[in-house]
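This is upload-v3.txt (compact mmCIF, C-alpha atoms).
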```txt
# COMPACT_ATOMS: atom_id res chain seq x y z
CA MET A 195 -19.50 -16.32 1.37
CA HIS A 196 -15.79 -15.57 1.66
CA GLU A 197 -14.93 -19.17 0.76
CA MET A 198 -14.30 -18.14 -2.86
CA SER A 199 -11.61 -15.65 -1.77
CA ILE A 200 -10.00 -18.33 0.37
CA VAL A 201 -10.10 -20.86 -2.47
CA ALA A 202 -8.45 -18.25 -4.74
CA GLU A 203 -5.61 -17.98 -2.21
CA LEU A 204 -5.44 -21.78 -2.05
CA PHE A 205 -4.99 -22.00 -5.82
CA THR A 206 -2.13 -19.48 -5.74
CA ILE A 207 -0.33 -21.86 -3.37
CA ILE A 208 -1.30 -24.96 -5.39
CA GLU A 209 0.04 -23.49 -8.66
CA GLU A 210 3.30 -22.44 -7.01
CA GLN A 211 3.85 -25.79 -5.27
CA ALA A 212 2.94 -27.75 -8.40
CA ARG A 213 5.40 -25.71 -10.46
CA GLN A 214 8.20 -26.24 -7.93
CA ALA A 215 7.54 -29.97 -7.86
CA GLY A 216 7.47 -30.18 -11.67
CA ALA A 217 3.90 -31.45 -11.71
CA LYS A 218 2.00 -32.07 -14.92
CA LYS A 219 -1.23 -32.39 -13.02
CA VAL A 220 -2.53 -32.11 -9.50
CA THR A 221 -4.80 -35.07 -8.81
CA LYS A 222 -5.70 -34.52 -5.19
CA VAL A 223 -5.72 -31.61 -2.77
CA LEU A 224 -5.82 -32.19 0.98
CA VAL A 225 -6.80 -29.33 3.25
CA LEU A 226 -7.16 -28.94 7.00
CA ILE A 227 -10.14 -26.90 8.15
CA GLY A 228 -10.63 -25.95 11.79
CA GLU A 229 -14.15 -25.95 13.20
CA LEU A 230 -13.59 -22.35 14.28
CA SER A 231 -11.90 -21.19 11.07
CA GLY A 232 -15.05 -19.51 9.82
CA VAL A 233 -15.06 -21.70 6.74
CA VAL A 234 -18.11 -23.77 5.85
CA PRO A 235 -16.78 -27.05 4.37
CA GLU A 236 -19.73 -27.47 2.00
CA LEU A 237 -19.24 -23.98 0.54
CA PHE A 238 -15.49 -24.51 0.39
CA ARG A 239 -16.05 -27.66 -1.65
CA SER A 240 -18.33 -26.02 -4.19
CA ALA A 241 -16.00 -23.01 -4.47
CA PHE A 242 -13.07 -25.40 -5.02
CA HIS A 243 -14.76 -27.35 -7.79
CA SER A 244 -15.88 -24.25 -9.64
CA TYR A 245 -12.49 -22.54 -9.29
CA LYS A 246 -10.40 -25.53 -10.42
CA LYS A 247 -11.64 -25.43 -14.04
CA GLY A 248 -8.84 -24.54 -16.41
CA THR A 249 -6.15 -24.83 -13.73
CA ILE A 250 -3.46 -27.46 -13.23
CA ALA A 251 -5.84 -29.08 -10.73
CA ASP A 252 -8.86 -29.22 -13.02
CA ARG A 253 -9.52 -32.88 -12.30
CA ALA A 254 -8.33 -32.86 -8.72
CA LYS A 255 -10.25 -34.40 -5.87
CA LEU A 256 -10.63 -32.42 -2.68
CA GLU A 257 -10.19 -34.00 0.71
CA MET A 258 -11.03 -31.96 3.79
CA LYS A 259 -9.92 -32.93 7.26
CA ILE A 260 -11.91 -31.15 9.94
CA ILE A 261 -9.86 -30.11 12.96
CA LYS A 262 -11.66 -30.26 16.30
CA ILE A 263 -11.77 -27.41 18.79
CA LYS A 264 -9.35 -28.16 21.61
CA PHE A 265 -8.42 -26.45 24.83
CA LYS A 266 -5.46 -26.98 27.07
CA CYS A 267 -5.62 -26.24 30.78
CA HIS A 268 -2.43 -24.53 31.95
CA ASN A 269 -3.17 -25.46 35.54
CA CYS A 270 -3.69 -29.24 35.39
CA GLY A 271 -2.32 -29.82 31.89
CA LYS A 272 -5.39 -31.72 30.63
CA GLU A 273 -6.62 -31.36 27.07
CA ILE A 274 -10.32 -30.92 26.37
CA THR A 275 -11.98 -31.47 22.98
CA ALA A 276 -15.20 -29.57 22.36
CA LYS A 277 -17.78 -30.73 19.85
CA ASN A 278 -18.86 -27.20 19.00
CA LEU A 279 -19.53 -23.84 20.59
CA MET A 280 -22.88 -24.78 22.04
CA ASP A 281 -21.42 -27.90 23.58
CA LYS A 282 -20.85 -27.70 27.34
CA SER A 283 -17.23 -28.64 26.80
CA PHE A 284 -16.63 -25.35 24.95
CA SER A 285 -15.64 -23.36 27.98
CA TYR A 286 -12.74 -21.40 29.31
CA VAL A 287 -13.29 -23.07 32.70
CA CYS A 288 -11.47 -26.39 33.06
CA PRO A 289 -13.97 -29.21 33.73
CA PHE A 290 -11.28 -31.11 35.68
CA CYS A 291 -9.77 -28.53 38.03
CA GLY A 292 -11.97 -25.42 37.63
CA SER A 293 -9.07 -23.23 36.50
CA LYS A 294 -9.71 -20.39 34.06
CA GLU A 295 -6.20 -20.68 32.62
CA MET A 296 -7.47 -22.29 29.45
CA GLU A 297 -6.00 -21.81 26.04
CA LEU A 298 -7.64 -22.57 22.70
CA THR A 299 -5.02 -24.81 21.07
CA SER A 300 -6.74 -25.91 17.89
CA GLY A 301 -9.78 -25.31 15.73
CA ARG A 302 -8.76 -22.13 13.89
CA GLU A 303 -6.56 -23.83 11.25
CA LEU A 304 -6.86 -23.32 7.54
CA TYR A 305 -4.02 -25.20 5.83
CA LEU A 306 -3.09 -26.79 2.56
CA GLU A 307 -1.67 -30.04 3.90
CA LYS A 308 -0.71 -32.12 0.88
CA LEU A 309 -0.97 -32.42 -2.86
CA GLU A 310 -1.00 -35.53 -4.98
CA ILE A 311 0.61 -34.82 -8.31
CA GLU A 312 1.55 -36.51 -11.57
CA THR A 313 4.91 -35.91 -13.10
CA GLU A 314 6.32 -37.25 -16.32
CA GLY A 315 9.27 -39.52 -16.39
CA MET B 163 7.27 -40.72 -21.14
CA GLU B 164 5.77 -42.59 -18.27
CA LYS B 165 3.61 -40.87 -15.73
CA SER B 166 4.51 -41.12 -12.11
CA LYS B 167 2.47 -40.17 -9.12
CA LYS B 168 3.80 -38.61 -5.99
CA GLU B 169 2.75 -36.80 -2.87
CA VAL B 170 3.95 -33.32 -1.95
CA LEU B 171 3.74 -32.30 1.69
CA VAL B 172 2.96 -28.58 1.83
CA LEU B 173 1.50 -27.55 5.21
CA GLU B 174 0.99 -23.93 4.27
CA ASP B 175 -1.48 -21.50 5.79
CA ILE B 176 -4.05 -20.77 3.07
CA LEU B 177 -4.46 -17.21 4.36
CA GLY B 178 -0.69 -16.84 4.73
CA SER B 179 -0.38 -14.21 2.02
CA ASN B 180 -3.08 -12.03 3.64
CA LYS B 181 -1.38 -12.47 7.02
CA LYS B 182 1.98 -11.45 5.57
CA ILE B 183 0.58 -8.22 4.11
CA ALA B 184 -1.28 -7.58 7.38
CA SER B 185 1.96 -8.00 9.37
CA SER B 186 3.73 -5.46 7.22
CA ILE B 187 0.84 -2.98 7.67
CA ARG B 188 0.94 -3.60 11.44
CA LYS B 189 4.67 -2.91 11.50
CA LYS B 190 4.27 0.37 9.61
CA LEU B 191 1.44 1.46 11.91
CA ASP B 192 3.55 0.71 14.98
CA GLU B 193 6.46 2.68 13.56
CA LYS B 194 4.23 5.66 12.95
CA GLY B 195 2.58 5.28 16.36
CA ILE B 196 -0.89 4.92 14.85
CA LEU B 197 -3.51 2.88 16.67
CA ALA B 198 -5.75 1.17 14.12
CA VAL B 199 -9.16 -0.25 14.94
CA ASN B 200 -10.96 -2.70 12.66
CA LEU B 201 -14.73 -2.50 13.23
CA LEU B 202 -16.83 -5.60 12.52
CA SER B 203 -20.59 -5.94 12.62
CA SER B 204 -23.61 -6.77 10.54
CA PRO B 205 -24.99 -4.01 8.29
CA GLY B 206 -26.99 -1.37 10.13
CA SER B 207 -25.69 -2.00 13.62
CA GLY B 208 -24.30 1.50 13.91
CA LYS B 209 -20.61 1.39 12.96
CA THR B 210 -20.66 4.72 11.13
CA SER B 211 -22.80 6.43 13.80
CA LEU B 212 -20.42 5.23 16.51
CA LEU B 213 -17.46 6.48 14.47
CA GLU B 214 -19.10 9.89 14.05
CA LYS B 215 -19.44 10.18 17.83
CA ILE B 216 -15.99 8.85 18.69
CA GLY B 217 -14.37 10.83 15.86
CA MET B 218 -15.89 14.15 16.95
CA ARG B 219 -14.79 13.60 20.52
CA LEU B 220 -11.25 12.38 19.83
CA ASN B 221 -10.77 14.99 17.10
CA GLN B 222 -10.49 17.71 19.75
CA ARG B 223 -7.14 16.34 20.88
CA TYR B 224 -5.99 13.81 18.30
CA ARG B 225 -5.60 13.30 14.58
CA ILE B 226 -8.16 10.85 13.25
CA GLY B 227 -8.55 9.07 9.92
CA VAL B 228 -11.27 6.72 8.76
CA ILE B 229 -11.25 4.01 6.11
CA GLU B 230 -14.70 2.99 4.99
CA GLY B 231 -15.28 -0.45 3.50
CA ASP B 232 -18.47 -1.01 1.55
CA VAL B 233 -19.64 -3.14 -1.33
CA GLU B 234 -20.64 -0.02 -3.28
CA THR B 235 -21.00 3.77 -2.87
CA GLU B 236 -18.96 6.48 -1.18
CA ARG B 237 -21.79 7.33 1.25
CA ASP B 238 -20.08 6.43 4.52
CA ALA B 239 -16.88 8.27 3.65
CA GLU B 240 -18.97 11.33 2.80
CA ARG B 241 -20.69 11.16 6.21
CA ILE B 242 -17.30 11.17 7.93
CA ARG B 243 -15.90 13.97 5.70
CA LYS B 244 -18.89 16.16 6.62
CA LEU B 245 -17.49 16.19 10.14
CA GLY B 246 -14.21 17.52 8.83
CA LEU B 247 -12.38 14.21 9.27
CA PRO B 248 -10.31 12.62 6.49
CA ALA B 249 -11.92 9.49 5.09
CA TRP B 250 -10.96 7.01 2.40
CA GLN B 251 -13.51 4.73 0.80
CA ILE B 252 -12.72 1.20 -0.30
CA THR B 253 -15.48 -0.27 -2.45
CA THR B 254 -15.16 -4.02 -2.80
CA HIS B 255 -17.63 -4.36 -5.75
CA GLY B 256 -19.21 -7.51 -4.40
CA ALA B 257 -16.71 -8.88 -1.92
CA CYS B 258 -18.18 -9.42 1.54
CA HIS B 259 -15.08 -8.40 3.52
CA LEU B 260 -11.92 -6.28 3.41
CA GLU B 261 -8.56 -7.96 2.83
CA ALA B 262 -5.14 -6.69 3.82
CA ARG B 263 -4.10 -6.07 0.21
CA MET B 264 -7.07 -3.71 -0.34
CA LEU B 265 -5.74 -1.67 2.56
CA ALA B 266 -2.16 -1.89 1.33
CA ARG B 267 -3.24 -0.32 -1.98
CA ILE B 268 -4.37 2.92 -0.32
CA PHE B 269 -1.94 2.88 2.59
CA ASP B 270 0.35 5.52 1.07
CA GLN B 271 -2.49 8.04 1.22
CA ILE B 272 -2.75 7.73 5.01
CA PRO B 273 -0.93 10.63 6.72
CA ALA B 274 1.95 9.43 8.91
CA ASP B 275 1.03 11.73 11.79
CA LEU B 276 -2.37 10.20 12.56
CA ASP B 277 -3.09 9.05 16.11
CA PHE B 278 -6.10 6.86 15.36
CA LEU B 279 -7.07 5.07 12.17
CA PHE B 280 -10.53 3.53 12.17
CA ILE B 281 -11.28 0.89 9.55
CA GLU B 282 -14.96 0.26 9.10
CA ASN B 283 -15.25 -3.19 7.55
CA VAL B 284 -18.00 -4.27 5.15
CA GLY B 285 -21.20 -4.88 7.12
CA ASN B 286 -21.10 -8.63 7.72
CA LEU B 287 -20.71 -10.49 11.00
CA VAL B 288 -19.16 -13.59 9.39
CA CYS B 289 -16.58 -13.15 6.63
CA PRO B 290 -14.50 -10.14 7.79
CA ALA B 291 -13.51 -12.12 10.91
CA SER B 292 -11.21 -14.39 8.85
CA PHE B 293 -9.06 -11.57 7.45
CA ASP B 294 -6.40 -9.80 9.49
CA LEU B 295 -5.95 -6.24 8.24
CA GLY B 296 -2.95 -5.44 10.41
CA GLU B 297 -5.14 -3.60 12.90
CA THR B 298 -4.03 -2.92 16.46
CA LEU B 299 -7.44 -3.72 17.93
CA ARG B 300 -10.55 -5.39 16.60
CA PHE B 301 -13.97 -4.22 17.75
CA VAL B 302 -17.09 -6.30 17.26
CA LEU B 303 -20.34 -4.32 17.41
CA LEU B 304 -23.77 -5.72 18.11
CA SER B 305 -26.89 -3.57 18.25
CA VAL B 306 -29.81 -4.14 20.57
CA PRO B 307 -32.36 -4.84 17.75
CA GLU B 308 -30.21 -7.73 16.49
CA GLY B 309 -30.94 -9.81 19.58
CA ASP B 310 -29.04 -11.05 22.62
CA ASP B 311 -28.32 -14.53 21.20
CA LYS B 312 -25.75 -13.49 18.58
CA PRO B 313 -22.28 -14.05 20.13
CA LYS B 314 -22.56 -17.84 20.05
CA LYS B 315 -24.22 -17.81 16.63
CA TYR B 316 -21.41 -15.73 15.11
CA PRO B 317 -18.50 -16.88 17.25
CA GLU B 318 -15.50 -16.05 15.08
CA ALA B 319 -16.17 -12.30 15.15
CA PHE B 320 -16.32 -12.43 18.95
CA ILE B 321 -13.39 -14.81 19.36
CA THR B 322 -11.03 -12.70 17.24
CA SER B 323 -11.98 -9.32 18.77
CA GLN B 324 -10.57 -7.58 21.84
CA VAL B 325 -13.52 -5.25 22.37
CA PHE B 326 -17.27 -5.87 22.26
CA VAL B 327 -19.37 -2.72 21.77
CA LEU B 328 -23.07 -3.05 22.39
CA THR B 329 -24.76 -0.29 20.35
CA LYS B 330 -28.20 1.35 20.31
CA GLY B 331 -28.48 1.00 24.09
CA ASP B 332 -31.19 3.68 24.00
CA LEU B 333 -33.54 1.06 22.50
CA LEU B 334 -33.31 -1.28 25.51
CA PRO B 335 -36.57 -0.05 27.11
CA TYR B 336 -38.50 -1.02 23.97
CA LEU B 337 -37.08 -4.41 23.09
CA PRO B 338 -36.72 -7.77 24.84
CA PHE B 339 -32.93 -7.85 25.12
CA ASP B 340 -31.03 -9.35 28.04
CA VAL B 341 -27.78 -7.41 28.48
CA GLU B 342 -26.55 -9.78 31.18
CA ARG B 343 -27.03 -12.76 28.83
CA VAL B 344 -25.30 -11.21 25.83
CA VAL B 345 -22.29 -10.23 27.95
CA ARG B 346 -22.13 -13.62 29.68
CA GLU B 347 -22.28 -15.55 26.39
CA ALA B 348 -19.73 -13.30 24.72
CA LEU B 349 -17.34 -13.82 27.64
CA GLU B 350 -17.92 -17.59 27.55
CA ILE B 351 -16.43 -17.75 24.07
CA ASN B 352 -13.84 -15.01 24.67
CA PRO B 353 -13.11 -14.25 28.35
CA LYS B 354 -10.66 -11.47 27.43
CA LEU B 355 -13.25 -9.26 25.69
CA LYS B 356 -13.67 -5.74 27.04
CA VAL B 357 -17.32 -4.74 26.94
CA PHE B 358 -18.81 -1.26 26.39
CA LYS B 359 -22.51 -0.44 26.33
CA THR B 360 -23.13 2.56 24.11
CA SER B 361 -25.71 4.69 22.37
CA ALA B 362 -24.87 7.13 19.59
CA VAL B 363 -28.24 8.80 20.26
CA SER B 364 -27.93 9.45 24.00
CA GLY B 365 -24.13 9.48 24.02
CA GLU B 366 -23.99 6.72 26.64
CA GLY B 367 -20.63 4.96 26.83
CA ILE B 368 -18.91 7.19 24.24
CA GLU B 369 -16.70 8.87 26.81
CA GLU B 370 -15.68 5.53 28.35
CA LEU B 371 -14.83 4.12 24.94
CA CYS B 372 -12.76 7.20 24.04
CA SER B 373 -10.87 7.05 27.37
CA PHE B 374 -10.13 3.39 26.71
CA LEU B 375 -8.76 4.24 23.24
CA GLU B 376 -6.62 7.05 24.63
CA SER B 377 -5.12 4.84 27.30
CA GLU B 378 -4.45 2.07 24.75
CA LEU B 379 -2.68 4.60 22.50
CA LYS B 380 -0.49 5.80 25.38
CA GLN B 381 0.36 2.27 26.52
CA ARG B 382 1.27 1.09 23.02
CA ARG B 383 3.37 4.14 22.26
CA ALA B 384 5.24 3.68 25.53
CA LYS B 385 5.79 0.01 24.68
CA ASN B 386 6.98 0.67 21.12
CA ALA B 387 9.15 3.65 22.07
```

Before we go any further, please render this structure as structure tokens.
Amino acid sequence: MHEMSIVAELFTIIEEQARQAGAKKVTKVLVLIGELSGVVPELFRSAFHSYKKGTIADRAKLEMKIIKIKFKCHNCGKEITAKNLMDKSFSYVCPFCGSKEMELTSGRELYLEKLEIETEG
Amino acid sequence: MEKSKKEVLVLEDILGSNKKIASSIRKKLDEKGILAVNLLSSPGSGKTSLLEKIGMRLNQRYRIGVIEGDVETERDAERIRKLGLPAWQITTHGACHLEARMLARIFDQIPADLDFLFIENVGNLVCPASFDLGETLRFVLLSVPEGDDKPKKYPEAFITSQVFVLTKGDLLPYLPFDVERVVREALEINPKLKVFKTSAVSGEGIEELCSFLESELKQRRAKNA
């Protein structure tokens, strides 16, 4: 359960961004979570809602966008999206040309994408 | 005053602050020519026993230091100190992983003339994988009693490591464990993993692992020189 530590880091960024933007309140937080980021979305959500109390985002909604695992083949240039690790498409062998020159191009992300804020005036 | 709503585009890495501290640790280690290894595994898979064996062997020719990460107690650091090796204990008091800033706090105590710094993470095959500590190499350990199906069940630890150390190899005759399967599945999710089969009891694989570490140290020092 390292989601709480990650949410604590998230709130450091939220507070800083909200301050810079002159926000009175943060009403929505949008995060990007890769399927291979090691973060469990359900745990992230509960950590978020318990951490937000007493912060500038204490009524904020959380929106999580899950980023799929993707590979790119450096030989034929095709992109392959894998459902998960147990899926046959999670492989470092290209299903189109058989090359092993595959690179994991997405799925490890953990980003604060956007905030919705209220300002006065 | 009237309220107005607006959207702020941020696009910032949530673990960015950990990564920044880790990068500065990595830079300092490179400058000092220290090779740091971050060891990940579940509790009881033999991280400390492996370190005792590797430490004793490398200690004949190199300067070794060990950082021990645990939720509580100084027990592991004491085990290492009994061998005459310097050890620093980080107790996380509940946290399930080490973070770069915990390391940064004690970094000044680490002698600059070390050759190898081993960082034994908190026993946990999930959470430590998300936190870069600034290490040169990451080892993931898996012991024979844990079962041969683990790499795909705990993928992040295997995906983010460069070395996979199978431990407690001396128990293979007594347990249903398919070495070929565990290696194949680990390589399916990370084809660049180097694999070592070891036993701290029989000493199997310890020499190979030490030779690998020595050659990595030489290569990196040559590169950074």

Checklist line | Exercise answer, chain B residues close to chain A, 6 Å and all atoms listed in the file, as an NGL selection string | finding: :B and (163-176 or 289)

Next item on the list: List the neighbours of segment 336-344 of chain B out to 8 Å using all atoms listed in the file; skip same-chain residues closer than 4 positions along the sequence, and give me the result as a PyMOL selection string.
Entry: chain B and resi 306-307+309-313+348

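Interatomic distance, atom CA of Ser207 of chain B to atom CA of Gly331 of chain B: 11.2 Å.
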
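Across the model, the gap from atom CA of Lys194 of chain B to atom CA of Lys356 of chain B is 25.5 Å.
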
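Proximity to Ile263 of chain A was assessed for A:Gly216, A:Gly301, A:Pro235, A:Gly248 counting all atoms listed in the file; the smallest distance is recorded for A:Gly301.
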
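Omitting Phe242 of chain A and its sequence neighbours fewer than 2 positions away, and counting only C-alpha atoms, the residues within 8 Å are Met198, Val201, Phe238, Arg239, Ser240, Ser244, Tyr245, Lys246 and Leu256 of chain A.
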
Next item on the list: Figure out the distance between atom CA of Val327 of chain B and atom CA of Ser305 of chain B, please, to one decimal in Å.
Entry: 8.3 Å

Margin query: So that I can see what lies close to Asp192 of chain B, please list as number ranges by chain the residues with an atom at most 12 Å from it, counting only C-alpha atoms and leaving out residues fewer than 3 positions away in the same chain.
Written below: B: 185-189, 195-198, 274-279, 296-298, 379, 382-387

Can you pull out the residues contacting Glu295 of chain A? Cut-off 12 Å, using all atoms listed in the file, and skip same-chain residues under 6 positions away; I want them as a CSV table (one decimal) with C-alpha atoms, in the frame of the given file.
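Dumped to around.csv:
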```
chain,number,residue,atom,x,y,z
A,265,PHE,CA,-8.4,-26.4,24.8
A,266,LYS,CA,-5.5,-27.0,27.1
A,267,CYS,CA,-5.6,-26.2,30.8
A,268,HIS,CA,-2.4,-24.5,32.0
A,269,ASN,CA,-3.2,-25.5,35.5
A,270,CYS,CA,-3.7,-29.2,35.4
A,271,GLY,CA,-2.3,-29.8,31.9
A,272,LYS,CA,-5.4,-31.7,30.6
A,285,SER,CA,-15.6,-23.4,28.0
A,286,TYR,CA,-12.7,-21.4,29.3
A,287,VAL,CA,-13.3,-23.1,32.7
A,288,CYS,CA,-11.5,-26.4,33.1
A,289,PRO,CA,-14.0,-29.2,33.7
B,353,PRO,CA,-13.1,-14.2,28.4
B,354,LYS,CA,-10.7,-11.5,27.4
```

Give the padded box for segment 297-307 of chain B as AutoDock Vina command-line options: axis-aligned, covering all atoms listed in the file, 8 Å on each side, centre and edge lengths in Å to one decimal.
```
--center_x -18.2 --center_y -4.6 --center_z 16.7 --size_x 44.3 --size_y 19.4 --size_z 23.7
```

Next item on the list: For Lys209 of chain B, please output as number ranges by chain all residues within 9 Å (counting all atoms listed in the file; exclusion window: fewer than 5 positions along the same chain).
Entry: B: 201-203, 214, 282-283, 285, 303, 329

Notebook entry, point to check: B:Val363, B:Leu220, B:Ala262, B:Ile229: which is nearest Asn180 of chain B, counting all atoms listed in the file?
Noted result: B:Ala262
